[in-house]
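Source file: input.txt (compact mmCIF, N, CA and C atoms)
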# COMPACT_ATOMS: atom_id res chain seq x y z
N MET A 3 14.04 -7.22 -25.79
CA MET A 3 13.80 -5.82 -25.51
C MET A 3 12.46 -5.68 -24.81
N THR A 4 12.45 -5.02 -23.65
CA THR A 4 11.23 -4.85 -22.89
C THR A 4 10.59 -3.52 -23.23
N GLN A 5 9.30 -3.55 -23.52
CA GLN A 5 8.59 -2.32 -23.82
C GLN A 5 8.14 -1.66 -22.52
N ALA A 6 8.26 -0.34 -22.47
CA ALA A 6 7.77 0.41 -21.31
C ALA A 6 6.25 0.43 -21.37
N THR A 7 5.63 0.24 -20.23
CA THR A 7 4.17 0.28 -20.20
C THR A 7 3.72 1.62 -19.64
N GLU A 8 2.57 2.04 -20.07
CA GLU A 8 1.97 3.28 -19.56
C GLU A 8 1.62 3.09 -18.10
N PRO A 9 1.81 4.12 -17.28
CA PRO A 9 1.39 3.99 -15.88
C PRO A 9 -0.13 3.90 -15.80
N THR A 10 -0.61 3.18 -14.82
CA THR A 10 -2.06 3.12 -14.60
C THR A 10 -2.53 4.50 -14.14
N PRO A 11 -3.83 4.76 -14.19
CA PRO A 11 -4.32 6.04 -13.67
C PRO A 11 -3.90 6.27 -12.21
N THR A 12 -3.92 5.21 -11.40
CA THR A 12 -3.52 5.34 -10.00
C THR A 12 -2.04 5.70 -9.90
N GLU A 13 -1.18 5.02 -10.66
CA GLU A 13 0.25 5.31 -10.62
C GLU A 13 0.55 6.73 -11.09
N ALA A 14 -0.15 7.18 -12.13
CA ALA A 14 0.06 8.54 -12.65
C ALA A 14 -0.34 9.58 -11.60
N MET A 15 -1.51 9.39 -10.98
CA MET A 15 -1.97 10.35 -9.98
C MET A 15 -1.05 10.36 -8.77
N PHE A 16 -0.68 9.18 -8.26
CA PHE A 16 0.19 9.10 -7.08
C PHE A 16 1.57 9.66 -7.40
N GLY A 17 2.06 9.41 -8.60
CA GLY A 17 3.37 9.93 -8.99
C GLY A 17 3.43 11.45 -8.99
N ALA A 18 2.30 12.11 -9.18
CA ALA A 18 2.23 13.57 -9.18
C ALA A 18 1.87 14.14 -7.80
N ASP A 19 1.65 13.28 -6.81
CA ASP A 19 1.22 13.71 -5.47
C ASP A 19 2.44 14.00 -4.58
N GLU A 20 2.97 15.20 -4.70
CA GLU A 20 4.15 15.60 -3.93
C GLU A 20 3.90 15.53 -2.43
N ALA A 21 2.74 15.98 -1.97
CA ALA A 21 2.45 16.02 -0.53
C ALA A 21 2.59 14.64 0.09
N SER A 22 1.96 13.66 -0.51
CA SER A 22 1.99 12.31 0.05
C SER A 22 3.37 11.68 -0.04
N ARG A 23 3.99 11.80 -1.20
CA ARG A 23 5.30 11.18 -1.38
C ARG A 23 6.36 11.81 -0.47
N ARG A 24 6.29 13.12 -0.24
CA ARG A 24 7.27 13.78 0.65
C ARG A 24 7.11 13.36 2.10
N LEU A 25 5.94 12.85 2.45
CA LEU A 25 5.73 12.33 3.81
C LEU A 25 6.13 10.87 3.92
N GLY A 26 6.64 10.31 2.83
CA GLY A 26 7.11 8.93 2.86
C GLY A 26 6.01 7.91 2.61
N ILE A 27 4.86 8.35 2.16
CA ILE A 27 3.77 7.41 1.86
C ILE A 27 4.15 6.61 0.62
N GLU A 28 3.94 5.30 0.70
CA GLU A 28 4.27 4.40 -0.40
C GLU A 28 3.01 3.73 -0.93
N LEU A 29 2.90 3.63 -2.24
CA LEU A 29 1.83 2.88 -2.88
C LEU A 29 2.29 1.42 -2.93
N VAL A 30 1.64 0.58 -2.13
CA VAL A 30 2.05 -0.82 -1.99
C VAL A 30 1.41 -1.69 -3.06
N GLU A 31 0.11 -1.52 -3.25
CA GLU A 31 -0.61 -2.26 -4.30
C GLU A 31 -1.86 -1.49 -4.66
N HIS A 32 -2.38 -1.79 -5.86
CA HIS A 32 -3.61 -1.13 -6.30
C HIS A 32 -4.28 -1.95 -7.38
N GLY A 33 -5.57 -1.74 -7.52
CA GLY A 33 -6.37 -2.41 -8.55
C GLY A 33 -7.63 -1.61 -8.78
N GLU A 34 -8.56 -2.18 -9.50
CA GLU A 34 -9.83 -1.50 -9.77
C GLU A 34 -10.57 -1.25 -8.47
N GLY A 35 -10.67 0.02 -8.08
CA GLY A 35 -11.42 0.38 -6.89
C GLY A 35 -10.74 0.06 -5.57
N THR A 36 -9.46 -0.30 -5.59
CA THR A 36 -8.75 -0.64 -4.35
C THR A 36 -7.35 -0.03 -4.36
N ALA A 37 -6.81 0.14 -3.17
CA ALA A 37 -5.43 0.60 -3.03
C ALA A 37 -4.95 0.30 -1.62
N VAL A 38 -3.66 0.02 -1.51
CA VAL A 38 -3.03 -0.18 -0.21
C VAL A 38 -1.80 0.72 -0.17
N LEU A 39 -1.72 1.54 0.89
CA LEU A 39 -0.60 2.46 1.06
C LEU A 39 0.00 2.27 2.44
N ARG A 40 1.27 2.66 2.56
CA ARG A 40 1.99 2.49 3.83
C ARG A 40 2.70 3.80 4.19
N MET A 41 2.74 4.09 5.50
CA MET A 41 3.44 5.27 5.99
C MET A 41 4.00 4.98 7.38
N THR A 42 5.23 5.44 7.63
CA THR A 42 5.82 5.34 8.97
C THR A 42 5.65 6.68 9.66
N VAL A 43 5.17 6.67 10.89
CA VAL A 43 4.98 7.89 11.67
C VAL A 43 6.37 8.41 12.08
N THR A 44 6.69 9.62 11.65
CA THR A 44 7.99 10.23 11.94
C THR A 44 7.86 11.17 13.14
N PRO A 45 9.00 11.61 13.71
CA PRO A 45 8.94 12.56 14.83
C PRO A 45 8.17 13.84 14.47
N ALA A 46 8.23 14.27 13.21
CA ALA A 46 7.54 15.49 12.79
C ALA A 46 6.02 15.32 12.75
N MET A 47 5.53 14.08 12.85
CA MET A 47 4.09 13.81 12.73
C MET A 47 3.38 13.67 14.07
N VAL A 48 4.11 13.78 15.17
CA VAL A 48 3.46 13.61 16.48
C VAL A 48 3.08 14.96 17.07
N ASN A 49 2.00 14.96 17.86
CA ASN A 49 1.51 16.19 18.46
C ASN A 49 2.04 16.34 19.89
N GLY A 50 1.48 17.28 20.63
CA GLY A 50 1.92 17.55 21.99
C GLY A 50 1.65 16.44 22.98
N HIS A 51 0.83 15.47 22.61
CA HIS A 51 0.55 14.30 23.45
C HIS A 51 1.46 13.13 23.08
N ARG A 52 2.39 13.37 22.12
CA ARG A 52 3.34 12.37 21.63
C ARG A 52 2.65 11.23 20.88
N ILE A 53 1.48 11.54 20.31
CA ILE A 53 0.80 10.59 19.43
C ILE A 53 0.68 11.22 18.04
N ALA A 54 0.46 10.38 17.05
CA ALA A 54 0.36 10.88 15.68
C ALA A 54 -0.78 11.89 15.58
N HIS A 55 -0.48 13.02 14.96
CA HIS A 55 -1.49 14.06 14.73
C HIS A 55 -2.56 13.48 13.80
N GLY A 56 -3.81 13.71 14.13
CA GLY A 56 -4.91 13.18 13.33
C GLY A 56 -4.88 13.61 11.88
N GLY A 57 -4.33 14.79 11.61
CA GLY A 57 -4.26 15.26 10.23
C GLY A 57 -3.41 14.36 9.35
N TYR A 58 -2.36 13.79 9.92
CA TYR A 58 -1.51 12.87 9.15
C TYR A 58 -2.22 11.55 8.90
N LEU A 59 -2.99 11.08 9.89
CA LEU A 59 -3.76 9.85 9.68
C LEU A 59 -4.82 10.08 8.61
N PHE A 60 -5.47 11.24 8.66
CA PHE A 60 -6.46 11.58 7.64
C PHE A 60 -5.81 11.63 6.27
N LEU A 61 -4.63 12.26 6.19
CA LEU A 61 -3.94 12.38 4.91
C LEU A 61 -3.60 11.00 4.33
N LEU A 62 -3.12 10.09 5.16
CA LEU A 62 -2.82 8.73 4.69
C LEU A 62 -4.08 8.07 4.15
N ALA A 63 -5.17 8.12 4.92
CA ALA A 63 -6.43 7.50 4.49
C ALA A 63 -6.96 8.18 3.23
N ASP A 64 -6.88 9.50 3.17
CA ASP A 64 -7.37 10.25 2.02
C ASP A 64 -6.57 9.91 0.77
N THR A 65 -5.27 9.69 0.91
CA THR A 65 -4.45 9.32 -0.24
C THR A 65 -4.82 7.93 -0.75
N ALA A 66 -5.08 7.00 0.17
CA ALA A 66 -5.52 5.66 -0.24
C ALA A 66 -6.85 5.75 -0.97
N PHE A 67 -7.77 6.55 -0.43
CA PHE A 67 -9.06 6.80 -1.06
C PHE A 67 -8.87 7.37 -2.46
N ALA A 68 -8.00 8.37 -2.61
CA ALA A 68 -7.75 8.99 -3.91
C ALA A 68 -7.22 7.97 -4.91
N CYS A 69 -6.30 7.11 -4.47
CA CYS A 69 -5.75 6.09 -5.36
C CYS A 69 -6.83 5.12 -5.81
N ALA A 70 -7.70 4.71 -4.89
CA ALA A 70 -8.76 3.76 -5.24
C ALA A 70 -9.78 4.39 -6.18
N CYS A 71 -10.22 5.61 -5.89
CA CYS A 71 -11.29 6.19 -6.72
C CYS A 71 -10.78 6.70 -8.06
N ASN A 72 -9.48 6.92 -8.19
CA ASN A 72 -8.93 7.33 -9.48
C ASN A 72 -8.48 6.14 -10.32
N SER A 73 -8.67 4.93 -9.84
CA SER A 73 -8.23 3.73 -10.56
C SER A 73 -9.03 3.49 -11.84
N HIS A 74 -10.19 4.08 -11.94
CA HIS A 74 -11.06 3.84 -13.10
C HIS A 74 -10.72 4.74 -14.28
N GLY A 75 -9.92 5.78 -14.07
CA GLY A 75 -9.49 6.59 -15.19
C GLY A 75 -9.89 8.04 -15.16
N PRO A 76 -11.17 8.39 -15.09
CA PRO A 76 -11.49 9.82 -15.09
C PRO A 76 -10.95 10.49 -13.83
N VAL A 77 -10.57 11.76 -13.96
CA VAL A 77 -10.10 12.51 -12.80
C VAL A 77 -11.24 12.57 -11.79
N THR A 78 -10.94 12.10 -10.57
CA THR A 78 -11.95 12.00 -9.52
C THR A 78 -11.42 12.67 -8.27
N VAL A 79 -12.28 13.44 -7.61
CA VAL A 79 -11.89 14.18 -6.42
C VAL A 79 -12.84 13.83 -5.26
N ALA A 80 -12.46 14.28 -4.08
CA ALA A 80 -13.30 14.04 -2.91
C ALA A 80 -14.47 15.02 -2.90
N ALA A 81 -15.65 14.48 -2.64
CA ALA A 81 -16.83 15.32 -2.43
C ALA A 81 -17.05 15.50 -0.93
N GLY A 82 -16.44 14.62 -0.14
CA GLY A 82 -16.54 14.70 1.31
C GLY A 82 -15.89 13.48 1.92
N ALA A 83 -15.56 13.57 3.21
CA ALA A 83 -14.95 12.44 3.89
C ALA A 83 -15.10 12.61 5.39
N ASP A 84 -15.14 11.48 6.08
CA ASP A 84 -15.21 11.45 7.54
C ASP A 84 -14.21 10.42 8.04
N ILE A 85 -13.71 10.64 9.26
CA ILE A 85 -12.79 9.69 9.86
C ILE A 85 -13.15 9.49 11.32
N VAL A 86 -12.96 8.27 11.77
CA VAL A 86 -13.12 7.93 13.18
C VAL A 86 -11.76 7.42 13.65
N PHE A 87 -11.20 8.08 14.67
CA PHE A 87 -9.92 7.66 15.25
C PHE A 87 -10.22 6.61 16.32
N VAL A 88 -9.72 5.41 16.12
CA VAL A 88 -10.03 4.28 16.98
C VAL A 88 -8.97 4.07 18.05
N ALA A 89 -7.70 4.22 17.69
CA ALA A 89 -6.59 4.02 18.62
C ALA A 89 -5.46 4.96 18.22
N PRO A 90 -4.61 5.35 19.17
CA PRO A 90 -3.51 6.25 18.83
C PRO A 90 -2.38 5.53 18.10
N ALA A 91 -1.72 6.28 17.24
CA ALA A 91 -0.49 5.80 16.60
C ALA A 91 0.65 6.62 17.19
N ARG A 92 1.83 6.03 17.22
CA ARG A 92 2.97 6.69 17.83
C ARG A 92 4.16 6.72 16.87
N GLU A 93 5.13 7.55 17.22
CA GLU A 93 6.35 7.66 16.43
C GLU A 93 6.94 6.27 16.19
N GLY A 94 7.31 6.01 14.94
CA GLY A 94 7.89 4.73 14.56
C GLY A 94 6.89 3.70 14.09
N ASP A 95 5.60 3.93 14.37
CA ASP A 95 4.59 2.98 13.91
C ASP A 95 4.51 2.96 12.39
N VAL A 96 4.39 1.77 11.83
CA VAL A 96 4.18 1.61 10.39
C VAL A 96 2.68 1.39 10.22
N LEU A 97 2.05 2.31 9.50
CA LEU A 97 0.61 2.26 9.29
C LEU A 97 0.32 1.84 7.85
N VAL A 98 -0.70 1.02 7.70
CA VAL A 98 -1.14 0.57 6.38
C VAL A 98 -2.60 0.94 6.20
N ALA A 99 -2.89 1.62 5.10
CA ALA A 99 -4.25 2.04 4.77
C ALA A 99 -4.73 1.22 3.58
N ARG A 100 -5.87 0.55 3.77
CA ARG A 100 -6.46 -0.26 2.70
C ARG A 100 -7.80 0.36 2.30
N ALA A 101 -7.89 0.80 1.05
CA ALA A 101 -9.10 1.43 0.52
C ALA A 101 -9.86 0.45 -0.35
N GLU A 102 -11.19 0.44 -0.18
CA GLU A 102 -12.05 -0.44 -0.98
C GLU A 102 -13.28 0.32 -1.44
N GLU A 103 -13.58 0.16 -2.70
CA GLU A 103 -14.78 0.76 -3.28
C GLU A 103 -16.01 0.04 -2.74
N ARG A 104 -16.99 0.80 -2.29
CA ARG A 104 -18.26 0.23 -1.82
C ARG A 104 -19.36 0.37 -2.85
N ALA A 105 -19.37 1.51 -3.56
CA ALA A 105 -20.41 1.74 -4.58
C ALA A 105 -19.95 2.81 -5.54
N ARG A 106 -20.32 2.65 -6.81
CA ARG A 106 -20.13 3.68 -7.83
C ARG A 106 -21.45 3.85 -8.54
N PHE A 107 -21.87 5.09 -8.69
CA PHE A 107 -23.14 5.38 -9.36
C PHE A 107 -23.02 6.72 -10.05
N GLY A 108 -23.29 6.74 -11.36
CA GLY A 108 -23.09 7.96 -12.13
C GLY A 108 -21.64 8.41 -12.00
N ARG A 109 -21.45 9.67 -11.61
CA ARG A 109 -20.09 10.20 -11.42
C ARG A 109 -19.67 10.15 -9.95
N SER A 110 -20.45 9.49 -9.10
CA SER A 110 -20.17 9.46 -7.65
C SER A 110 -19.73 8.08 -7.19
N GLY A 111 -19.10 8.05 -6.03
CA GLY A 111 -18.67 6.78 -5.45
C GLY A 111 -18.54 6.89 -3.94
N VAL A 112 -18.52 5.74 -3.29
CA VAL A 112 -18.34 5.65 -1.85
C VAL A 112 -17.21 4.64 -1.61
N TYR A 113 -16.24 5.04 -0.77
CA TYR A 113 -15.06 4.23 -0.50
C TYR A 113 -14.80 4.18 1.00
N ASP A 114 -14.42 3.01 1.49
CA ASP A 114 -14.03 2.84 2.89
C ASP A 114 -12.54 2.56 2.95
N VAL A 115 -11.89 3.17 3.96
CA VAL A 115 -10.45 2.97 4.17
C VAL A 115 -10.25 2.59 5.63
N THR A 116 -9.53 1.51 5.86
CA THR A 116 -9.15 1.11 7.21
C THR A 116 -7.65 1.32 7.34
N VAL A 117 -7.26 2.04 8.40
CA VAL A 117 -5.85 2.26 8.71
C VAL A 117 -5.49 1.35 9.87
N ARG A 118 -4.45 0.54 9.69
CA ARG A 118 -4.03 -0.42 10.71
C ARG A 118 -2.55 -0.26 11.05
N ARG A 119 -2.24 -0.67 12.26
CA ARG A 119 -0.86 -0.90 12.71
C ARG A 119 -0.83 -2.40 12.98
N GLY A 120 -0.20 -3.15 12.11
CA GLY A 120 -0.28 -4.61 12.21
C GLY A 120 -1.74 -5.01 12.03
N GLU A 121 -2.28 -5.73 13.00
CA GLU A 121 -3.69 -6.16 12.94
C GLU A 121 -4.63 -5.18 13.64
N GLU A 122 -4.05 -4.20 14.38
CA GLU A 122 -4.87 -3.27 15.16
C GLU A 122 -5.40 -2.13 14.29
N VAL A 123 -6.71 -1.90 14.37
CA VAL A 123 -7.33 -0.79 13.65
C VAL A 123 -7.01 0.52 14.36
N ILE A 124 -6.49 1.47 13.61
CA ILE A 124 -6.16 2.80 14.12
C ILE A 124 -7.24 3.81 13.76
N ALA A 125 -7.78 3.70 12.53
CA ALA A 125 -8.79 4.65 12.08
C ALA A 125 -9.65 4.02 10.99
N GLU A 126 -10.90 4.50 10.92
CA GLU A 126 -11.83 4.12 9.86
C GLU A 126 -12.25 5.40 9.15
N PHE A 127 -12.17 5.39 7.82
CA PHE A 127 -12.41 6.57 6.99
C PHE A 127 -13.44 6.21 5.94
N ARG A 128 -14.36 7.12 5.65
CA ARG A 128 -15.29 6.93 4.54
C ARG A 128 -15.22 8.16 3.66
N GLY A 129 -14.95 7.92 2.38
CA GLY A 129 -14.85 9.02 1.42
C GLY A 129 -15.92 8.92 0.35
N ARG A 130 -16.39 10.09 -0.06
CA ARG A 130 -17.36 10.18 -1.15
C ARG A 130 -16.68 10.90 -2.31
N SER A 131 -16.72 10.29 -3.48
CA SER A 131 -15.99 10.82 -4.63
C SER A 131 -16.92 11.37 -5.69
N ARG A 132 -16.33 12.19 -6.57
CA ARG A 132 -17.05 12.75 -7.70
C ARG A 132 -16.08 12.86 -8.87
N SER A 133 -16.41 12.23 -10.00
CA SER A 133 -15.59 12.35 -11.21
C SER A 133 -15.91 13.68 -11.87
N LEU A 134 -14.87 14.36 -12.34
CA LEU A 134 -15.06 15.66 -12.96
C LEU A 134 -15.48 15.51 -14.41
N ARG A 135 -16.40 16.35 -14.84
CA ARG A 135 -16.81 16.36 -16.25
C ARG A 135 -15.71 16.97 -17.09
N GLY A 136 -15.51 16.41 -18.27
CA GLY A 136 -14.55 16.98 -19.20
C GLY A 136 -13.11 16.90 -18.74
N ALA A 137 -12.83 16.03 -17.79
CA ALA A 137 -11.46 15.92 -17.28
C ALA A 137 -10.94 14.51 -17.44
N ALA A 138 -11.30 13.89 -18.57
CA ALA A 138 -10.86 12.52 -18.82
C ALA A 138 -9.35 12.44 -18.95
N GLU A 139 -8.75 13.53 -19.39
CA GLU A 139 -7.30 13.57 -19.54
C GLU A 139 -6.68 13.98 -18.21
N ARG A 140 -5.69 13.25 -17.74
CA ARG A 140 -5.02 13.56 -16.46
C ARG A 140 -4.54 15.00 -16.43
N GLY A 141 -4.81 15.65 -15.31
CA GLY A 141 -4.27 16.98 -15.10
C GLY A 141 -5.05 18.11 -15.75
N THR A 142 -6.24 17.85 -16.27
CA THR A 142 -7.02 18.90 -16.90
C THR A 142 -8.19 19.28 -16.02
N GLN A 143 -7.90 19.54 -14.77
CA GLN A 143 -8.95 19.83 -13.80
C GLN A 143 -9.29 21.32 -13.81
N GLY A 144 -9.94 21.77 -14.86
CA GLY A 144 -10.30 23.17 -14.96
C GLY A 144 -11.39 23.54 -13.96
N THR A 145 -11.39 24.79 -13.55
CA THR A 145 -12.42 25.28 -12.64
C THR A 145 -13.66 25.59 -13.44
N LYS A 146 -14.80 25.15 -12.98
CA LYS A 146 -16.06 25.41 -13.67
C LYS A 146 -16.94 26.26 -12.77
N THR A 147 -17.55 27.24 -13.38
CA THR A 147 -18.51 28.04 -12.64
C THR A 147 -19.87 27.37 -12.73
N LYS A 148 -20.80 27.82 -11.91
CA LYS A 148 -22.15 27.26 -11.94
C LYS A 148 -22.75 27.39 -13.34
N GLU A 149 -22.47 28.50 -14.00
CA GLU A 149 -23.03 28.75 -15.33
C GLU A 149 -22.46 27.81 -16.40
N SER A 150 -21.22 27.30 -16.22
CA SER A 150 -20.60 26.49 -17.26
C SER A 150 -20.82 25.00 -17.07
N ARG A 151 -21.53 24.60 -16.03
CA ARG A 151 -21.75 23.16 -15.79
C ARG A 151 -22.80 22.59 -16.67
Please, can you express the file's structure as structure tokens?
Amino acid sequence: MTQATEPTPTEAMFGADEASRRLGIELVEHGEGTAVLRMTVTPAMVNGHRIAHGGYLFLLADTAFACACNSHGPVTVAAGADIVFVAPAREGDVLVARAEERARFGRSGVYDVTVRRGEEVIAEFRGRSRSLRGAAERGTQGTKTKESR
């Protein structure tokens, strides 16, 4: 008899991420401070220049970032992020985003994500994370006012 195991924090968070999953993003692998995700560019994701809309590339990279920074357990959100588009992606391209933790300090972190098509770099993303206070339990992301912090 096989016992069911609890999902990891990354699996739990990704499993609840309707936006990413509805776009066909797949969680390929994950570990402490790392994550690899895959997405195929669909016809609905291309812009008027027939290249992948940057918002979809950002979303893929941001989802990889979220998976990596939530791997430690506490609910963690983006404090900010930047992306550099290096090369265009096109309909049918299979993109892979690899997120890696660069630093964690206090409740903050810095993560880099590289988005590739095969060996070619498509985009470079840097995300800054912040773990929420009092949100150790998944899904308890209450809004805090300045006075309640």
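Proximity of A:Thr36, A:Thr42, A:Thr116, A:Thr7 to Ala70 (chain A), computed with all atoms listed in the file, is greatest for A:Thr36.
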Considering only C-alpha atoms, state which residue in the set A:Cys71, A:Val30, A:Leu62, A:Ala18 is at the smallest distance from Arg106 (chain A).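 Closest candidate: A:Cys71.
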So, with only C-alpha atoms as the atoms that count, which of A:Val48, A:Leu25, A:Val98, A:Ala37 lies closest to Gly120 (chain A)?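 That would be A:Val98, the residue with the smallest distance to Gly120 (chain A).
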Write out as a PyMOL selection string all residues of region 46-77 of chain A that DSSP puts in alpha helix (DSSP H) for this structure's backbone. chain A and resi 56-71
Next, the residues of the selection above should be written as a compact mmCIF listing (two decimals), in the frame of the given file with N, CA and C atoms.
# COMPACT_ATOMS: atom_id res chain seq x y z
N GLY A 56 -3.81 13.71 14.13
CA GLY A 56 -4.91 13.18 13.33
C GLY A 56 -4.88 13.61 11.88
N GLY A 57 -4.33 14.79 11.61
CA GLY A 57 -4.26 15.26 10.23
C GLY A 57 -3.41 14.36 9.35
N TYR A 58 -2.36 13.79 9.92
CA TYR A 58 -1.51 12.87 9.15
C TYR A 58 -2.22 11.55 8.90
N LEU A 59 -2.99 11.08 9.89
CA LEU A 59 -3.76 9.85 9.68
C LEU A 59 -4.82 10.08 8.61
N PHE A 60 -5.47 11.24 8.66
CA PHE A 60 -6.46 11.58 7.64
C PHE A 60 -5.81 11.63 6.27
N LEU A 61 -4.63 12.26 6.19
CA LEU A 61 -3.94 12.38 4.91
C LEU A 61 -3.60 11.00 4.33
N LEU A 62 -3.12 10.09 5.16
CA LEU A 62 -2.82 8.73 4.69
C LEU A 62 -4.08 8.07 4.15
N ALA A 63 -5.17 8.12 4.92
CA ALA A 63 -6.43 7.50 4.49
C ALA A 63 -6.96 8.18 3.23
N ASP A 64 -6.88 9.50 3.17
CA ASP A 64 -7.37 10.25 2.02
C ASP A 64 -6.57 9.91 0.77
N THR A 65 -5.27 9.69 0.91
CA THR A 65 -4.45 9.32 -0.24
C THR A 65 -4.82 7.93 -0.75
N ALA A 66 -5.08 7.00 0.17
CA ALA A 66 -5.52 5.66 -0.24
C ALA A 66 -6.85 5.75 -0.97
N PHE A 67 -7.77 6.55 -0.43
CA PHE A 67 -9.06 6.80 -1.06
C PHE A 67 -8.87 7.37 -2.46
N ALA A 68 -8.00 8.37 -2.61
CA ALA A 68 -7.75 8.99 -3.91
C ALA A 68 -7.22 7.97 -4.91
N CYS A 69 -6.30 7.11 -4.47
CA CYS A 69 -5.75 6.09 -5.36
C CYS A 69 -6.83 5.12 -5.81
N ALA A 70 -7.70 4.71 -4.89
CA ALA A 70 -8.76 3.76 -5.24
C ALA A 70 -9.78 4.39 -6.18
N CYS A 71 -10.22 5.61 -5.89
CA CYS A 71 -11.29 6.19 -6.72
C CYS A 71 -10.78 6.70 -8.06
Nearby residues (only C-alpha atoms) at most 8 Å from Pro45 (chain A), same-chain spacing under 2 positions excluded, as a PyMOL selection string: chain A and resi 43+47-48+93-94
Find the spatial neighbours of Phe60 (chain A), counting only N, CA and C atoms, within a cut-off of 8 Å - ignore same-chain residues fewer than 6 positions away - and output them as a short mmCIF file (atom, residue, chain, number, x, y, z; two decimals) with N, CA and C atoms, in the coordinates of the input.
data_model
loop_
_atom_site.label_atom_id
_atom_site.label_comp_id
_atom_site.auth_asym_id
_atom_site.auth_seq_id
_atom_site.Cartn_x
_atom_site.Cartn_y
_atom_site.Cartn_z
N ALA A 66 -5.08 7.00 0.17
CA ALA A 66 -5.52 5.66 -0.24
C ALA A 66 -6.85 5.75 -0.97
N ASP A 84 -15.14 11.48 6.08
CA ASP A 84 -15.21 11.45 7.54
C ASP A 84 -14.21 10.42 8.04
N ILE A 85 -13.71 10.64 9.26
CA ILE A 85 -12.79 9.69 9.86
C ILE A 85 -13.15 9.49 11.32
N PHE A 127 -12.17 5.39 7.82
CA PHE A 127 -12.41 6.57 6.99
C PHE A 127 -13.44 6.21 5.94
#
